[in-house]
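Read the structure below first, then the notes.
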Amino acid sequence: MEPIELESQVPLTILTGFLGSGKTTLLNRILNGDHGLRVAVLVNDFGAINIDSELVVGVEDQVMSLANGCICCTIRDDLVETVLETINRPESPEYILLEASGVADPGGISMTFMDSELRDQIRLDSVTCVLDAEQAFSHQQYPAIELLKLKQIGFADMMVLNKVDLAGPTQVQKVRDWANDQFNRLRIVEAEYGNVPLEVLLSVGRFDPSQLDFDVVEDCSTGSCDHEHHTVDHSKVFSTWSYETKTPMDLDCLREMVKRKLPATVYRCKGFVHSVQEPVRRAIVQCVGRRTDVTVEGDWGATEIRTRIVAIGSPAEMDTEQLQILFDECRAQSTESSL
Ligand SMILES: Nc1nc2c(ncn2[C@@H]2O[C@H](COP(=O)(O)OP(=O)(O)OP(=O)(O)O)[C@@H](O)[C@H]2O)c(=O)[nH]1
């Protein structure tokens, strides 16, 4: 990639998109690409346990984690504080990538960068939305989720239509036709595992502030407004559940369980697994809708060896007692106590 000219304001790209669409995968692609920039990464996990920041590869000391809430509403102040902390480091970043949680409304996040505290220091370069091509239409029975997905795409200046390998050409064309019909002149780039050229992702200057309502932004900076983007109550649409244990798990049992028994009311499940089969290597469980994957990665590095899993699902329907039993049943027989 051609060298990017450095600016006085730090450019920032927001990666948005529904749960499991491939944001962290795209983020890792960018970070490990040939851009020559000192990049800082902010990652927002909706669940109480930090998973995503540990899945970011290659820039461990430049990753800031914002967990246990959504930066478009409940932990918006944390976002401001973290961005300020990041740009005021002695080695300040030349670019910031912000991965929003899969439940975030990017409108609320973008507003944050127009606030007086940040707008002189940060230039919002682009809001890029990742869409899972295979599961683009798979939440139609949940209107609130459909609306959120529409907001995520509608606010973006580019859509990465990801997972085309899983979707196949007919579905990809269907999603393209739908998107062209719904959104005016949306730029769409197809991808497998986020393999998008860096040139179309970084320093593209696509974000257009005129799409924001500046009267609203001014009011927001006083902190006394009740606009929709601050009051989105994610807890009405999503609930999270976490599982932790020090007892090693049986990977075969876990693989079978997530594949066959994990209820459809769980939209997303991910985490790290300490197993009897691979006691010194970290396994990663990834579930997006009905797609499940349990892989064994490298060693645990500096992180504590224990299983940590997060599930996100429907608050009315996700049965957390059932989940507890399902995961407990995958623990290997052991005399060690579990948490
Ligand atoms: N087959 C296939 N799998 C993909 C592709 N992109 C990502 N995945 C897989 O999809 C799963 C979710 O990917 P992530 O990058 O973690 O998704 P995310 O959007 O960051 O997820 P959340 O942060 O939980 O919302 C992982 O198992 C990825 O390996 C793709 O293009 N094709």
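Going through the structure tokens in order, the chains are called A, B, and so on, while each chain numbers its residues from 1 and the ligands are numbered from 1 in the order shown.
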Compile the contact shell of stretch 275-287 of chain A as a ChimeraX atom specification: residues with an atom at most 6 Å away, counting only C-alpha atoms, same-chain residues fewer than 2 positions apart removed. /A:248-250,268-273,291-300
Surroundings of ligand 1 up to 6 Å, based on only C-alpha atoms and all ligand atoms, as a ChimeraX atom specification: /A:18-25,101-102,162-163,165-166,192-194,286
Taking C-alpha atoms for each residue, export the selection above as an mmCIF file, in the first residue's frame.
data_model
loop_
_atom_site.group_PDB
_atom_site.id
_atom_site.type_symbol
_atom_site.label_atom_id
_atom_site.label_comp_id
_atom_site.auth_asym_id
_atom_site.auth_seq_id
_atom_site.Cartn_x
_atom_site.Cartn_y
_atom_site.Cartn_z
ATOM 1 C CA PHE A 18 -23.946 -7.616 13.675
ATOM 2 C CA LEU A 19 -22.702 -10.277 16.097
ATOM 3 C CA GLY A 20 -20.312 -12.714 14.476
ATOM 4 C CA SER A 21 -20.272 -11.050 11.054
ATOM 5 C CA GLY A 22 -16.453 -11.025 10.932
ATOM 6 C CA LYS A 23 -15.333 -7.704 12.448
ATOM 7 C CA THR A 24 -12.435 -9.143 14.465
ATOM 8 C CA THR A 25 -11.380 -11.208 11.452
ATOM 9 C CA SER A 101 -19.748 -4.502 19.642
ATOM 10 C CA GLY A 102 -22.064 -6.485 17.399
ATOM 11 C CA ASN A 162 -18.252 -11.131 4.221
ATOM 12 C CA LYS A 163 -18.431 -14.936 4.303
ATOM 13 C CA ASP A 165 -17.564 -18.673 0.755
ATOM 14 C CA LEU A 166 -20.379 -19.859 3.024
ATOM 15 C CA GLU A 192 -13.843 -14.094 2.512
ATOM 16 C CA TYR A 193 -12.372 -13.837 5.982
ATOM 17 C CA GLY A 194 -12.212 -10.054 5.546
ATOM 18 C CA GLN A 286 -16.949 -19.753 17.946
#
Just want the 12 Å neighbourhood of A:Leu150, counted on only C-alpha atoms, with same-chain residues fewer than 5 positions away dropped. Output as JSON, numbers by chain. {"A": [16, 17, 18, 103, 104, 105, 106, 107, 129, 130, 131, 136, 137, 139, 140, 143, 144, 145, 155, 156, 159, 178, 179, 182, 183]}
Resulting file, chosen residues, N, CA and C atoms, as a compact mmCIF listing (two decimals), in the first residue's frame:
# COMPACT_ATOMS: atom_id res chain seq x y z
N THR A 16 -18.21 -1.79 12.22
CA THR A 16 -19.48 -2.13 12.85
C THR A 16 -20.05 -3.37 12.12
N GLY A 17 -21.17 -3.86 12.59
CA GLY A 17 -21.77 -5.05 11.97
C GLY A 17 -22.28 -5.98 13.05
N PHE A 18 -23.27 -6.79 12.68
CA PHE A 18 -23.95 -7.62 13.67
C PHE A 18 -23.01 -8.69 14.26
N VAL A 103 -23.74 -5.36 18.77
CA VAL A 103 -25.10 -4.86 19.02
C VAL A 103 -25.13 -3.33 18.96
N ALA A 104 -24.00 -2.71 18.56
CA ALA A 104 -23.92 -1.25 18.62
C ALA A 104 -24.61 -0.56 17.45
N ASP A 105 -25.15 0.60 17.75
CA ASP A 105 -25.70 1.48 16.73
C ASP A 105 -24.58 2.48 16.38
N PRO A 106 -24.03 2.42 15.16
CA PRO A 106 -22.88 3.28 14.86
C PRO A 106 -23.20 4.77 14.88
N GLY A 107 -24.48 5.11 14.75
CA GLY A 107 -24.86 6.53 14.82
C GLY A 107 -24.45 7.12 16.17
N CYS A 129 -19.19 -1.31 7.63
CA CYS A 129 -20.07 -2.32 8.23
C CYS A 129 -19.78 -3.69 7.61
N VAL A 130 -19.59 -4.67 8.47
CA VAL A 130 -19.37 -6.04 7.99
C VAL A 130 -20.71 -6.78 8.08
N LEU A 131 -21.11 -7.39 6.96
CA LEU A 131 -22.36 -8.16 6.95
C LEU A 131 -22.04 -9.61 6.61
N ALA A 136 -27.50 -12.99 6.40
CA ALA A 136 -28.04 -11.63 6.24
C ALA A 136 -29.53 -11.57 6.57
N PHE A 137 -30.26 -12.62 6.25
CA PHE A 137 -31.73 -12.57 6.46
C PHE A 137 -32.17 -13.52 7.57
N HIS A 139 -32.50 -13.20 10.83
CA HIS A 139 -33.14 -12.75 12.08
C HIS A 139 -34.50 -12.11 11.80
N GLN A 140 -35.13 -12.56 10.71
CA GLN A 140 -36.36 -11.87 10.32
C GLN A 140 -37.50 -12.02 11.31
N PRO A 143 -37.85 -8.44 14.82
CA PRO A 143 -37.84 -7.12 14.18
C PRO A 143 -36.82 -6.16 14.79
N ALA A 144 -36.57 -6.25 16.10
CA ALA A 144 -35.61 -5.31 16.72
C ALA A 144 -34.20 -5.57 16.20
N ILE A 145 -33.89 -6.83 15.94
CA ILE A 145 -32.56 -7.16 15.40
C ILE A 145 -32.46 -6.71 13.95
N PHE A 155 -25.96 3.38 8.32
CA PHE A 155 -25.08 4.46 8.78
C PHE A 155 -23.68 4.34 8.19
N ALA A 156 -23.38 3.18 7.65
CA ALA A 156 -22.01 2.95 7.16
C ALA A 156 -21.80 3.61 5.80
N MET A 159 -19.93 -1.28 2.92
CA MET A 159 -20.30 -2.57 3.49
C MET A 159 -19.34 -3.64 2.98
N TRP A 178 -30.85 -6.78 -2.46
CA TRP A 178 -31.57 -6.22 -1.32
C TRP A 178 -30.90 -4.92 -0.85
N ALA A 179 -29.56 -4.96 -0.72
CA ALA A 179 -28.84 -3.78 -0.22
C ALA A 179 -28.96 -2.61 -1.20
N GLN A 182 -32.36 -1.16 -0.70
CA GLN A 182 -32.60 -0.51 0.59
C GLN A 182 -31.79 0.77 0.80
N PHE A 183 -30.54 0.75 0.30
CA PHE A 183 -29.62 1.83 0.64
C PHE A 183 -29.14 2.52 -0.63
Any idea what's packed within 12 Å of A:Leu323, counting only C-alpha atoms, ignoring anything in its chain fewer than 3 positions away? Could you give it as a ChimeraX atom specification? /A:240-243,257-258,261-266,269,309-313,317-320,326-330
Which polymer residues have any atom within 12 Å of an atom of A:Glu2, counting only C-alpha atoms, with same-chain residues fewer than 6 positions away left out, as a ChimeraX atom specification? /A:34-37,197-200,202-203
Sorted by chain and rising residue number, list the residues of stretch 106-168 of chain A at most 12 Å from stretch 80-92 of chain A (counting only C-alpha atoms), each with its closest atom pair and distance in Å to one decimal, as a Markdown table.
| residue | atom | partner | partner_atom | distance |
| --- | --- | --- | --- | --- |
| A:Ile109 | CA | A:Val80 | CA | 10.0 |
| A:Ser110 | CA | A:Val80 | CA | 11.4 |
| A:Met111 | CA | A:Val80 | CA | 11.0 |
| A:Thr112 | CA | A:Val80 | CA | 7.3 |
| A:Phe113 | CA | A:Val80 | CA | 8.3 |
| A:Met114 | CA | A:Val80 | CA | 11.0 |
| A:Asp115 | CA | A:Val80 | CA | 9.3 |
| A:Ser116 | CA | A:Val80 | CA | 10.7 |
| A:Glu117 | CA | A:Val80 | CA | 7.9 |
| A:Leu118 | CA | A:Val80 | CA | 7.5 |
| A:Arg119 | CA | A:Val80 | CA | 10.8 |
| A:Asp120 | CA | A:Leu84 | CA | 11.5 |
| A:Gln121 | CA | A:Ile87 | CA | 8.2 |
| A:Ile122 | CA | A:Ile87 | CA | 8.9 |
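The interatomic distance for the pair atom CA of A:Gln173 and atom CA of A:Arg185 works out to 16.0 Å.
Between atom CA of A:Arg38 and atom CA of A:Ser126 lies a distance of 17.9 Å.
For the residues A:Pro11, A:Pro93, A:Gly58, A:Gly69, ranking by smallest atom-to-atom distance to A:Val39 using only C-alpha atoms places A:Pro93 first.
Candidate residues A:Gln333, A:Ile51, A:Leu97, A:Val63 were compared for distance to A:Leu27, and the nearest is A:Leu97, using only C-alpha atoms.
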Between A:Ile188, A:Pro315, A:Lys246, A:Gln135, which one has atoms that come closest to A:Val288, using only C-alpha atoms? A:Gln135
Residues of stretch 65-161 of chain A in helix (DSSP H, G or I) according to DSSP, as a ChimeraX atom specification? /A:76-87,106-112,116-119,143-155
